[in-house]
Structures are given as C-alpha cells and as structure tokens.
Amino acid sequence: MLWFALTLPDLPLQVFTRGVDDPGTLAVVEHHPRARIVAATAEALVRGVEPGRSVAGALAVAPQLQLRDRDFVLEAATLDECATWAGQFTPCVSLDPPDTILLETSASLRLFGGLDALARRIAEALIPLGLDASIAAAPTPLAARWLARTSAGKLMRASKGWARSLDALPVDLLADGGTVSTPTLELLRDIGVRRIGDVVRLPRDGLARRQATAVIDTLARARGEQPDPRPWFIPAERFESRIVLPASVERTEPLLFAAGRLFSGLTAWLAARHAALDRCRLYLEHEDVPETLLEIVTGRPGRDEARLALLAREHLAALTLPAPVEALRLSAEAPATLPARTPDLFGDPETARDSATLLLDRLRARLGPDAVRTVLPVAEHRPERAWRPAEPGSRPARGASGSGPRPLWLMDEPRALGSMRAFTLLSGPERIESGWWDGDDVRRDYYVARAPDAVLCWVFERLDPPGGWYVHGFFG
C-alpha cells in the first residue's frame, strides 16, 4: 500500500484567508481556557503577534490587528471539502482529524504516471482551492502523517527496511495520530529518549511493565507491523461549500477571487463522480439583510471551472450589493453523468456549438434570465400570431411551420404602399383567410416582391374594402 498524507498547517487561519489574495494583519483567537492567539498571518507574525500570546499583548504590539474567533465547524467543513476534492485522485480517502486527510493511492499510481508525478499533480491541483498543505507519502497512513508533519515533500516507497527511515523523527510524534499520553512521553524523555529510533531500541517487555503498551502499538502501526484500518470518507450527494471572508467586502470585484475557490471545489467534486451539471447557486451572505442569490446557468452540463468563473463575473458585474458581504456559499445538486469523449483528429466538433452556448450564457448572466429569447413558429396562418418567444434551444411543435416563404424580419404593423408600379412580383399569391372566430379576421393575398432598391419584400393585397397594398416584412 502507499499512503499520501495532506496536512493543513494553521487550518484555523486558512479557513479565513483562502478567500482573499492578501489577508493583511489577521489573527485567530481561541477563548478556552483563556483568550489567546492560535494562528496569525505572516504580516501579523512580523509585527510580533505569535501563537500562544494573549489578545491584549497582541493588540499592544499590533493595534491594527484584525481578530477572528476560531470556528471549529468551518474547519471541519473545510477538511471535508478537501477530502471531497481528493476523490479525483483515488476513491480511498480517509479523514484524519484535526487537520489531515489520507489517500491510499496504490491503485492510482499508474494512471497518474507514478509516485512523483502524482505528488506534483496533487500539489498543483490544491492551489486553486486556496489551501496550503504539507504533503508526504509512506507505506502506512501513520508514517505518512508523521512525515507530512516533519518532512514535507518526502515520498517513501515500500522498499526493504523502509521503516528505519522513521528512526530520526522526534519522539513527540507518538502522540500525533496515536494514543500515547502526555505522561508516557514525559517518562520517555526522562530516560533520555529523543527520537523514534531510541524507542525502537528499548526492550518491549520493559515498556509493557511501565504501562507503555500504547507506544508499542503506535510504533507497530507506523512501521507496518500491525494493521491500521481507516474508515473511508463518503462524499455528500449534494455539494455545499462556504468561505468566510476575513473582513466585510463592499465591492463585487474581490468576490470573484473567493468564488473561484468554491468553483475549484465544485469541479473536483464533479470529477470524482465523473459527472457534470448545468446550474449552481452562489449565495452572498450579509450581516443584517437576506443573502443575495446568483443563479449560474451554464446551458449544457459540464464541469469547466473557467466557464463558471466567467459567468459569475458577468453576474457580479451587473449586481448592486444591498450590504457588505461577509461570506460566500456555493450549492449544487443533481449532477448528471458525463460520458467520456474521444478526441477527434481534426478538432472537437462540439467546439462551435459550445461557443454559441457560452455566448447565450454570458448574455443571460449580464442582461437577466428573461432578456434572451428565441422565436418559434406556431400553428397559425396569420403572420402576426404565427410565432412565440421561447427559451434558446427550444424546438418548434410538429406542424408549426408555415406553408409558404416567411421573411426573417416581420414588421410590427404592415405599412401601406402608395403604388406597386415600382415593385416586381416574383412569386405568389398565397391567400390567407383566418380569424373570423376571434374578431381579428384576415383576408390577404401575399407575394414575394423586389423593391426598386433590389430588396426582397413580403407584400400583400388586402381583399377587404378599401383594399390596398402593404409591405409586411423583409427577407435577408
């Protein structure tokens, strides 16, 4: 087996900073048992705001410091989101709280080109999520976790004697992911134990007599001498992700950066399920007013992150915020299976159609969902009533097309012609007599005619008194 461990350092801070490009001077506060700093941004650290410091002391050295209370619920949700994202690399994903996820990848190595290539792929794919992870690999999940904690980037293969590489790790790791208690660690330090290798060389029966069996079990799990089963993470059927901003945002432009983080998680969720969707909902959360909903419709099922970001940009450009934004939330459900497509030697035949669909999606996002319509024929002889607005992509009912030629441009009201001498009749007549039952009786003879300027017109002679000739439309 081969396990990847992804440890998220400073997860209490990352849940607040992943939605902005520059978080500034920010620190996260935990209030139990007393108010203290648990994590701080690089700018705050430079100013002397260190983890473990009291809030009063931190504000004394950095008066402009922004403080956020630690959010354990948001941390757990972010870890779940990261585990869902990891499903695109392997279905064998396990949560290892409070800040680590584990991936069993032995069946995925060949697909991604080997151990080193997979490690690069994971690191690159993690960037759009806005999360910083320490990555390591080892034949056991506990060893991978320890390496991610102390030797980020180390990829240890299952070779003979691989477990000896753990001997140089600090002994304090026995309490990280294991059941070794603090008094037991103090006992080991008192007898001069500083490294894992020192523990390995101690007599096992001596450790057992000193009630240190947890040390033996933890070492056996880490070295692969004892099974270490892990429960598999099951992604939710419905995608839900939320980003809390470190400070209120009053303009729409910075929101696109945070929305991009959410779209990255959504596309990874879809990739793990080999699925696609044609719509999702982006909620902008405010403090004192109801949240703002942006319905993002893609027109056709897909999982293109750039397309979602482009449509979100159009929505945000046309939006006036009712109040400052405190957080963003993305929701999606009912994904459809996306069949695999074989590349074509002469290009993708769907490219032109997809470009047209994207244009419609952008127009809807910018002008509104009801501003873009197509025209469909209706089974009606009277030209004024022979069409109806419809959603783009809709198909006309069977038998709805007219019997004769119809112009692309139909005038709102027919325009009277003084004389037909300058016009040349090319085809016709097509007689239309209809509407006696609803009070809009029509009796006309229609012709295709050429005007003096060579424009093709659709003209008719009115058969009811007082008669006369009219132009009703123009052909392209």
# chains A, B, ... in the order shown; residues from 1 in each chain; ligands from 1
>>> residues_around(residues="segment 147-155 of chain A", least_positions_apart="5", cutoff="12 Å", atoms="only C-alpha atoms", output="ChimeraX atom specification")
/A:2-10,99-102,114-120,122-123,132-142,162-163,165-173,176-177,222
>>> write_last_selection(atoms="N, CA and C atoms", output="compact mmCIF listing (two decimals), in the first residue's frame")
# COMPACT_ATOMS: atom_id res chain seq x y z
N LEU A 2 0.30 2.34 -0.48
CA LEU A 2 1.02 3.60 -0.49
C LEU A 2 0.04 4.71 -0.10
N TRP A 3 0.39 5.41 0.96
CA TRP A 3 -0.50 6.43 1.51
C TRP A 3 0.11 7.82 1.32
N PHE A 4 -0.73 8.75 0.85
CA PHE A 4 -0.38 10.16 0.86
C PHE A 4 -1.07 10.81 2.07
N ALA A 5 -0.35 11.65 2.77
CA ALA A 5 -0.92 12.45 3.85
C ALA A 5 -0.86 13.92 3.45
N LEU A 6 -1.99 14.59 3.54
CA LEU A 6 -2.07 16.03 3.28
C LEU A 6 -2.45 16.71 4.60
N THR A 7 -1.48 17.37 5.20
CA THR A 7 -1.70 18.07 6.46
C THR A 7 -1.83 19.56 6.20
N LEU A 8 -2.89 20.15 6.73
CA LEU A 8 -3.16 21.58 6.53
C LEU A 8 -2.64 22.36 7.73
N PRO A 9 -1.43 22.92 7.65
CA PRO A 9 -0.92 23.68 8.79
C PRO A 9 -1.72 24.97 8.97
N ASP A 10 -1.89 25.37 10.21
CA ASP A 10 -2.65 26.58 10.52
C ASP A 10 -4.04 26.55 9.90
N ASP A 99 -6.49 17.95 11.20
CA ASP A 99 -6.04 18.76 10.07
C ASP A 99 -5.42 17.94 8.95
N THR A 100 -5.71 16.66 8.85
CA THR A 100 -5.04 15.79 7.87
C THR A 100 -6.07 14.94 7.14
N ILE A 101 -5.82 14.72 5.85
CA ILE A 101 -6.56 13.71 5.10
C ILE A 101 -5.55 12.72 4.52
N LEU A 102 -5.99 11.49 4.38
CA LEU A 102 -5.13 10.40 3.91
C LEU A 102 -5.68 9.83 2.62
N GLY A 114 3.00 7.52 -11.94
CA GLY A 114 3.98 7.21 -10.92
C GLY A 114 3.87 8.08 -9.69
N LEU A 115 4.69 7.76 -8.69
CA LEU A 115 4.63 8.43 -7.40
C LEU A 115 4.96 9.91 -7.50
N ASP A 116 6.07 10.24 -8.14
CA ASP A 116 6.48 11.65 -8.23
C ASP A 116 5.48 12.47 -9.02
N ALA A 117 4.99 11.92 -10.13
CA ALA A 117 4.03 12.65 -10.95
C ALA A 117 2.71 12.88 -10.20
N LEU A 118 2.29 11.88 -9.44
CA LEU A 118 1.06 12.04 -8.68
C LEU A 118 1.23 13.09 -7.59
N ALA A 119 2.39 13.10 -6.94
CA ALA A 119 2.63 14.12 -5.91
C ALA A 119 2.58 15.52 -6.49
N ARG A 120 3.17 15.70 -7.68
CA ARG A 120 3.12 17.02 -8.33
C ARG A 120 1.69 17.38 -8.71
N ILE A 122 -1.10 16.41 -7.29
CA ILE A 122 -1.87 16.77 -6.10
C ILE A 122 -1.51 18.17 -5.63
N ALA A 123 -0.23 18.49 -5.60
CA ALA A 123 0.20 19.82 -5.15
C ALA A 123 -0.33 20.92 -6.06
N ASP A 132 -3.10 25.54 1.76
CA ASP A 132 -1.68 25.20 1.79
C ASP A 132 -1.52 23.92 2.57
N ALA A 133 -0.98 22.89 1.93
CA ALA A 133 -0.86 21.58 2.58
C ALA A 133 0.57 21.09 2.54
N SER A 134 0.97 20.40 3.59
CA SER A 134 2.23 19.67 3.61
C SER A 134 1.95 18.24 3.17
N ILE A 135 2.67 17.78 2.14
CA ILE A 135 2.37 16.50 1.51
C ILE A 135 3.54 15.55 1.69
N ALA A 136 3.24 14.31 2.04
CA ALA A 136 4.26 13.26 2.14
C ALA A 136 3.59 11.93 1.84
N ALA A 137 4.41 10.93 1.54
CA ALA A 137 3.89 9.60 1.21
C ALA A 137 4.72 8.54 1.92
N ALA A 138 4.04 7.46 2.33
CA ALA A 138 4.71 6.35 3.02
C ALA A 138 3.83 5.11 2.89
N PRO A 139 4.39 3.92 3.19
CA PRO A 139 3.60 2.68 3.07
C PRO A 139 2.50 2.55 4.12
N THR A 140 2.52 3.34 5.20
CA THR A 140 1.46 3.26 6.21
C THR A 140 0.88 4.65 6.42
N PRO A 141 -0.40 4.73 6.82
CA PRO A 141 -1.00 6.06 6.98
C PRO A 141 -0.38 6.87 8.11
N LEU A 142 -0.01 6.22 9.21
CA LEU A 142 0.57 6.96 10.33
C LEU A 142 1.96 7.48 9.98
N TRP A 162 12.39 0.10 4.88
CA TRP A 162 11.92 1.48 4.80
C TRP A 162 11.60 2.06 6.18
N ALA A 163 11.17 1.21 7.12
CA ALA A 163 10.75 1.70 8.43
C ALA A 163 11.90 2.33 9.20
N SER A 165 13.76 4.54 8.22
CA SER A 165 13.79 5.97 7.92
C SER A 165 13.00 6.78 8.94
N LEU A 166 12.14 6.11 9.71
CA LEU A 166 11.36 6.82 10.74
C LEU A 166 12.15 7.03 12.02
N ASP A 167 13.31 6.35 12.16
CA ASP A 167 14.03 6.40 13.43
C ASP A 167 14.51 7.80 13.78
N ALA A 168 14.74 8.66 12.79
CA ALA A 168 15.27 10.00 13.07
C ALA A 168 14.18 11.00 13.46
N LEU A 169 12.92 10.61 13.42
CA LEU A 169 11.83 11.53 13.72
C LEU A 169 11.74 11.75 15.23
N PRO A 170 11.28 12.92 15.67
CA PRO A 170 11.19 13.21 17.11
C PRO A 170 10.17 12.32 17.80
N VAL A 171 10.43 12.00 19.06
CA VAL A 171 9.58 11.09 19.81
C VAL A 171 8.21 11.69 20.08
N ASP A 172 8.09 13.01 20.07
CA ASP A 172 6.80 13.65 20.33
C ASP A 172 5.74 13.24 19.32
N LEU A 173 6.14 12.74 18.15
CA LEU A 173 5.18 12.33 17.14
C LEU A 173 4.34 11.13 17.58
N ASP A 176 0.96 12.12 18.03
CA ASP A 176 0.29 12.71 16.87
C ASP A 176 -0.35 11.58 16.05
N GLY A 177 -1.63 11.40 16.20
CA GLY A 177 -2.32 10.33 15.49
C GLY A 177 -2.30 9.02 16.24
N ALA A 222 2.80 2.38 12.75
CA ALA A 222 3.58 3.26 11.88
C ALA A 222 4.55 2.48 11.01
>>> residues_around(residues="Ile216 of chain A", least_positions_apart="5", cutoff="10 Å", atoms="only C-alpha atoms", output="list in words")
Leu174, Val180, Val199, Val200, Arg204, Asp205, Leu207, Ala208 and Arg221 of chain A
>>> atom_distance(atom1="atom CA of Leu328 of chain A", atom2="atom CA of Val73 of chain A")
15.6 Å
>>> closest_residue(among="A:Ile296, A:Leu360, A:Ala371, A:Ala312", to="Gly260 of chain A", atoms="only C-alpha atoms")
A:Ala312
>>> residues_around(residues="Pro235 of chain A", least_positions_apart="5", cutoff="10 Å", atoms="only C-alpha atoms", output="MDAnalysis selection string")
chainID A and resid 80:81 83:85 87 91 93 269 272:273
>>> write_last_selection(atoms="N, CA and C atoms", output="PDB file, in the first residue's frame")
ATOM      1  N   ASP A  80     -13.601  18.411   5.234  1.00  0.00           N
ATOM      2  CA  ASP A  80     -14.489  17.585   4.408  1.00  0.00           C
ATOM      3  C   ASP A  80     -14.399  17.987   2.941  1.00  0.00           C
ATOM      4  N   GLU A  81     -14.348  19.292   2.680  1.00  0.00           N
ATOM      5  CA  GLU A  81     -14.244  19.763   1.301  1.00  0.00           C
ATOM      6  C   GLU A  81     -12.943  19.295   0.658  1.00  0.00           C
ATOM      7  N   ALA A  83     -11.286  16.610   1.492  1.00  0.00           N
ATOM      8  CA  ALA A  83     -11.416  15.167   1.263  1.00  0.00           C
ATOM      9  C   ALA A  83     -12.263  14.892   0.019  1.00  0.00           C
ATOM     10  N   THR A  84     -13.315  15.663  -0.169  1.00  0.00           N
ATOM     11  CA  THR A  84     -14.131  15.525  -1.384  1.00  0.00           C
ATOM     12  C   THR A  84     -13.309  15.838  -2.615  1.00  0.00           C
ATOM     13  N   TRP A  85     -12.513  16.896  -2.544  1.00  0.00           N
ATOM     14  CA  TRP A  85     -11.627  17.279  -3.658  1.00  0.00           C
ATOM     15  C   TRP A  85     -10.652  16.149  -3.981  1.00  0.00           C
ATOM     16  N   GLY A  87     -11.040  13.081  -3.916  1.00  0.00           N
ATOM     17  CA  GLY A  87     -11.648  11.937  -4.578  1.00  0.00           C
ATOM     18  C   GLY A  87     -11.360  11.844  -6.059  1.00  0.00           C
ATOM     19  N   PRO A  91     -10.508   6.799  -4.912  1.00  0.00           N
ATOM     20  CA  PRO A  91     -11.727   6.711  -4.103  1.00  0.00           C
ATOM     21  C   PRO A  91     -11.438   6.369  -2.644  1.00  0.00           C
ATOM     22  N   VAL A  93     -10.158   7.592   0.343  1.00  0.00           N
ATOM     23  CA  VAL A  93      -9.793   8.794   1.091  1.00  0.00           C
ATOM     24  C   VAL A  93     -10.304   8.640   2.516  1.00  0.00           C
ATOM     25  N   TRP A 269     -15.354  17.903  -7.090  1.00  0.00           N
ATOM     26  CA  TRP A 269     -16.447  17.025  -6.654  1.00  0.00           C
ATOM     27  C   TRP A 269     -17.098  16.336  -7.849  1.00  0.00           C
ATOM     28  N   ALA A 272     -14.630  13.665  -9.382  1.00  0.00           N
ATOM     29  CA  ALA A 272     -14.590  12.420  -8.621  1.00  0.00           C
ATOM     30  C   ALA A 272     -15.804  11.544  -8.905  1.00  0.00           C
ATOM     31  N   ARG A 273     -16.922  12.164  -9.291  1.00  0.00           N
ATOM     32  CA  ARG A 273     -18.143  11.418  -9.582  1.00  0.00           C
ATOM     33  C   ARG A 273     -18.324  11.163 -11.072  1.00  0.00           C
TER      34      ARG A 273
END
>>> residues_around(residues="Asp441 of chain A", least_positions_apart="4", cutoff="12 Å", atoms="only C-alpha atoms", output="list in words")
His381, Arg382, Ile432, Glu433, Ser434, Gly435, Trp436, Trp437, Arg462, Leu463 and Asp464 of chain A
>>> residues_around(residues="Gly265 of chain A", least_positions_apart="6", cutoff="12 Å", atoms="only C-alpha atoms", output="ChimeraX atom specification")
/A:78-88,125-131,239-243,258-259,271-272,303-305,308,329-332
>>> atom_distance(atom1="atom CA of Gln14 of chain A", atom2="atom CA of Arg281 of chain A")
23.8 Å
>>> residues_around(residues="Leu376 of chain A", least_positions_apart="6", cutoff="7 Å", atoms="only C-alpha atoms", output="MDAnalysis selection string")
chainID A and resid 387:390 396
>>> atom_distance(atom1="atom CA of Glu287 of chain A", atom2="atom CA of Thr252 of chain A")
16.1 Å
>>> select_by_dssp(residues="segment 91-210 of chain A", states="strand (DSSP E or B)", output="PyMOL selection string")
chain A and resi 93-96+100-104+134-138+155+170+195
>>> select_by_dssp(residues="segment 17-179 of chain A", states="helix (DSSP H, G or I)", output="compact mmCIF listing (two decimals) with N, CA and C atoms, in the first residue's frame")
# COMPACT_ATOMS: atom_id res chain seq x y z
N THR A 17 -8.45 32.91 5.41
CA THR A 17 -7.59 33.61 4.44
C THR A 17 -7.69 33.07 3.03
N ALA A 42 1.37 36.04 8.03
CA ALA A 42 2.80 36.39 8.00
C ALA A 42 3.01 37.84 8.39
N GLU A 43 2.12 38.72 7.94
CA GLU A 43 2.26 40.13 8.29
C GLU A 43 2.08 40.35 9.79
N ALA A 44 1.17 39.60 10.40
CA ALA A 44 0.98 39.72 11.84
C ALA A 44 2.17 39.15 12.60
N LEU A 45 2.75 38.06 12.11
CA LEU A 45 3.92 37.48 12.77
C LEU A 45 5.10 38.44 12.76
N VAL A 46 5.27 39.15 11.64
CA VAL A 46 6.36 40.12 11.56
C VAL A 46 6.20 41.21 12.61
N VAL A 55 -4.53 38.06 23.80
CA VAL A 55 -5.12 39.03 22.88
C VAL A 55 -4.67 40.44 23.23
N ALA A 56 -4.63 40.75 24.52
CA ALA A 56 -4.19 42.09 24.93
C ALA A 56 -2.75 42.35 24.51
N GLY A 57 -1.88 41.35 24.67
CA GLY A 57 -0.50 41.53 24.25
C GLY A 57 -0.36 41.67 22.75
N ALA A 58 -1.18 40.92 22.00
CA ALA A 58 -1.12 41.02 20.53
C ALA A 58 -1.57 42.40 20.07
N LEU A 59 -2.64 42.93 20.67
CA LEU A 59 -3.12 44.26 20.28
C LEU A 59 -2.14 45.35 20.71
N ALA A 60 -1.36 45.09 21.75
CA ALA A 60 -0.38 46.08 22.19
C ALA A 60 0.73 46.26 21.17
N VAL A 61 1.15 45.16 20.53
CA VAL A 61 2.23 45.26 19.54
C VAL A 61 1.71 45.54 18.14
N PHE A 72 -14.57 26.04 14.74
CA PHE A 72 -14.31 24.61 14.60
C PHE A 72 -15.23 23.97 13.55
N VAL A 73 -16.45 24.49 13.45
CA VAL A 73 -17.38 23.94 12.45
C VAL A 73 -16.86 24.21 11.04
N LEU A 74 -16.38 25.42 10.81
CA LEU A 74 -15.84 25.76 9.49
C LEU A 74 -14.57 24.96 9.20
N GLU A 75 -13.76 24.69 10.20
CA GLU A 75 -12.56 23.88 9.99
C GLU A 75 -12.93 22.46 9.57
N ALA A 76 -13.92 21.87 10.25
CA ALA A 76 -14.35 20.52 9.89
C ALA A 76 -14.94 20.49 8.49
N ALA A 77 -15.72 21.52 8.14
CA ALA A 77 -16.30 21.58 6.80
C ALA A 77 -15.23 21.74 5.73
N THR A 78 -14.18 22.52 6.03
CA THR A 78 -13.08 22.69 5.07
C THR A 78 -12.31 21.39 4.89
N LEU A 79 -12.13 20.65 5.98
CA LEU A 79 -11.45 19.36 5.87
C LEU A 79 -12.29 18.38 5.04
N ASP A 80 -13.60 18.41 5.23
CA ASP A 80 -14.49 17.59 4.41
C ASP A 80 -14.40 17.99 2.94
N GLU A 81 -14.35 19.29 2.68
CA GLU A 81 -14.24 19.76 1.30
C GLU A 81 -12.94 19.29 0.66
N CYS A 82 -11.86 19.33 1.43
CA CYS A 82 -10.58 18.87 0.91
C CYS A 82 -10.61 17.37 0.63
N ALA A 83 -11.29 16.61 1.49
CA ALA A 83 -11.42 15.17 1.26
C ALA A 83 -12.26 14.89 0.02
N THR A 84 -13.31 15.66 -0.17
CA THR A 84 -14.13 15.52 -1.38
C THR A 84 -13.31 15.84 -2.62
N TRP A 85 -12.51 16.90 -2.54
CA TRP A 85 -11.63 17.28 -3.66
C TRP A 85 -10.65 16.15 -3.98
N ALA A 86 -10.13 15.47 -2.96
CA ALA A 86 -9.13 14.42 -3.17
C ALA A 86 -9.71 13.21 -3.86
N LEU A 109 -1.40 4.94 -9.04
CA LEU A 109 -0.07 5.40 -9.46
C LEU A 109 0.12 5.30 -10.97
N ARG A 110 -0.28 4.19 -11.56
CA ARG A 110 -0.08 4.01 -12.99
C ARG A 110 -0.90 5.01 -13.79
N LEU A 111 -2.10 5.30 -13.32
CA LEU A 111 -2.97 6.24 -14.03
C LEU A 111 -2.36 7.63 -14.09
N PHE A 112 -1.69 8.05 -13.01
CA PHE A 112 -1.15 9.41 -12.94
C PHE A 112 0.34 9.47 -13.23
N LEU A 115 4.69 7.76 -8.69
CA LEU A 115 4.63 8.43 -7.40
C LEU A 115 4.96 9.91 -7.50
N ASP A 116 6.07 10.24 -8.14
CA ASP A 116 6.48 11.65 -8.23
C ASP A 116 5.48 12.47 -9.02
N ALA A 117 4.99 11.92 -10.13
CA ALA A 117 4.03 12.65 -10.95
C ALA A 117 2.71 12.88 -10.20
N LEU A 118 2.29 11.88 -9.44
CA LEU A 118 1.06 12.04 -8.68
C LEU A 118 1.23 13.09 -7.59
N ALA A 119 2.39 13.10 -6.94
CA ALA A 119 2.63 14.12 -5.91
C ALA A 119 2.58 15.52 -6.49
N ARG A 120 3.17 15.70 -7.68
CA ARG A 120 3.12 17.02 -8.33
C ARG A 120 1.69 17.38 -8.71
N ARG A 121 0.97 16.40 -9.20
CA ARG A 121 -0.43 16.64 -9.61
C ARG A 121 -1.28 17.07 -8.42
N ILE A 122 -1.10 16.41 -7.29
CA ILE A 122 -1.87 16.77 -6.10
C ILE A 122 -1.51 18.17 -5.63
N ALA A 123 -0.23 18.49 -5.60
CA ALA A 123 0.20 19.82 -5.15
C ALA A 123 -0.33 20.92 -6.06
N GLU A 124 -0.29 20.69 -7.38
CA GLU A 124 -0.78 21.71 -8.31
C GLU A 124 -2.29 21.89 -8.23
N ALA A 125 -3.01 20.77 -8.06
CA ALA A 125 -4.46 20.86 -8.02
C ALA A 125 -4.96 21.48 -6.73
N LEU A 126 -4.13 21.48 -5.69
CA LEU A 126 -4.54 22.05 -4.41
C LEU A 126 -4.49 23.57 -4.42
N ILE A 127 -3.70 24.16 -5.31
CA ILE A 127 -3.53 25.61 -5.32
C ILE A 127 -4.84 26.35 -5.56
N PRO A 128 -5.66 25.99 -6.56
CA PRO A 128 -6.91 26.74 -6.77
C PRO A 128 -7.88 26.71 -5.60
N LEU A 129 -7.75 25.72 -4.71
CA LEU A 129 -8.62 25.68 -3.53
C LEU A 129 -8.26 26.74 -2.51
N PRO A 141 -0.40 4.73 6.82
CA PRO A 141 -1.00 6.06 6.98
C PRO A 141 -0.38 6.87 8.11
N LEU A 142 -0.01 6.22 9.21
CA LEU A 142 0.57 6.96 10.33
C LEU A 142 1.96 7.48 9.98
N ALA A 143 2.75 6.69 9.28
CA ALA A 143 4.07 7.16 8.85
C ALA A 143 3.94 8.33 7.88
N ALA A 144 2.97 8.27 6.97
CA ALA A 144 2.76 9.39 6.05
C ALA A 144 2.38 10.65 6.80
N ARG A 145 1.55 10.51 7.83
CA ARG A 145 1.16 11.68 8.63
C ARG A 145 2.36 12.27 9.34
N TRP A 146 3.20 11.42 9.93
CA TRP A 146 4.37 11.93 10.63
C TRP A 146 5.33 12.64 9.67
N LEU A 147 5.51 12.08 8.48
CA LEU A 147 6.41 12.71 7.52
C LEU A 147 5.85 14.04 7.02
N ALA A 148 4.54 14.11 6.79
CA ALA A 148 3.94 15.37 6.37
C ALA A 148 4.10 16.44 7.44
N ARG A 149 4.11 16.02 8.70
CA ARG A 149 4.25 16.96 9.81
C ARG A 149 5.69 17.47 9.94
N THR A 150 6.68 16.63 9.63
CA THR A 150 8.07 17.00 9.91
C THR A 150 8.95 17.08 8.66
N TRP A 162 12.39 0.10 4.88
CA TRP A 162 11.92 1.48 4.80
C TRP A 162 11.60 2.06 6.18
N ALA A 163 11.17 1.21 7.12
CA ALA A 163 10.75 1.70 8.43
C ALA A 163 11.90 2.33 9.20
N ARG A 164 13.15 1.97 8.87
CA ARG A 164 14.28 2.57 9.58
C ARG A 164 14.39 4.07 9.29
N SER A 165 13.76 4.54 8.22
CA SER A 165 13.79 5.97 7.92
C SER A 165 13.00 6.78 8.94
N LEU A 166 12.14 6.11 9.71
CA LEU A 166 11.36 6.82 10.74
C LEU A 166 12.15 7.03 12.02
N VAL A 171 10.43 12.00 19.06
CA VAL A 171 9.58 11.09 19.81
C VAL A 171 8.21 11.69 20.08
N ASP A 172 8.09 13.01 20.07
CA ASP A 172 6.80 13.65 20.33
C ASP A 172 5.74 13.24 19.32
N LEU A 173 6.14 12.74 18.15
CA LEU A 173 5.18 12.33 17.14
C LEU A 173 4.34 11.13 17.58
N LEU A 174 4.78 10.42 18.60
CA LEU A 174 4.00 9.26 19.07
C LEU A 174 2.60 9.68 19.54
N ALA A 175 2.47 10.94 19.96
CA ALA A 175 1.16 11.44 20.38
C ALA A 175 0.37 12.04 19.23
>>> residues_around(residues="His31 of chain A", least_positions_apart="4", cutoff="9 Å", atoms="only C-alpha atoms", output="list in words")
Ala35, Arg36, Ile37, Asp69 and Arg70 of chain A
>>> closest_residue(among="A:Arg261, A:Arg251, A:Arg300, A:His315", to="Asp278 of chain A", atoms="only C-alpha atoms")
A:Arg300
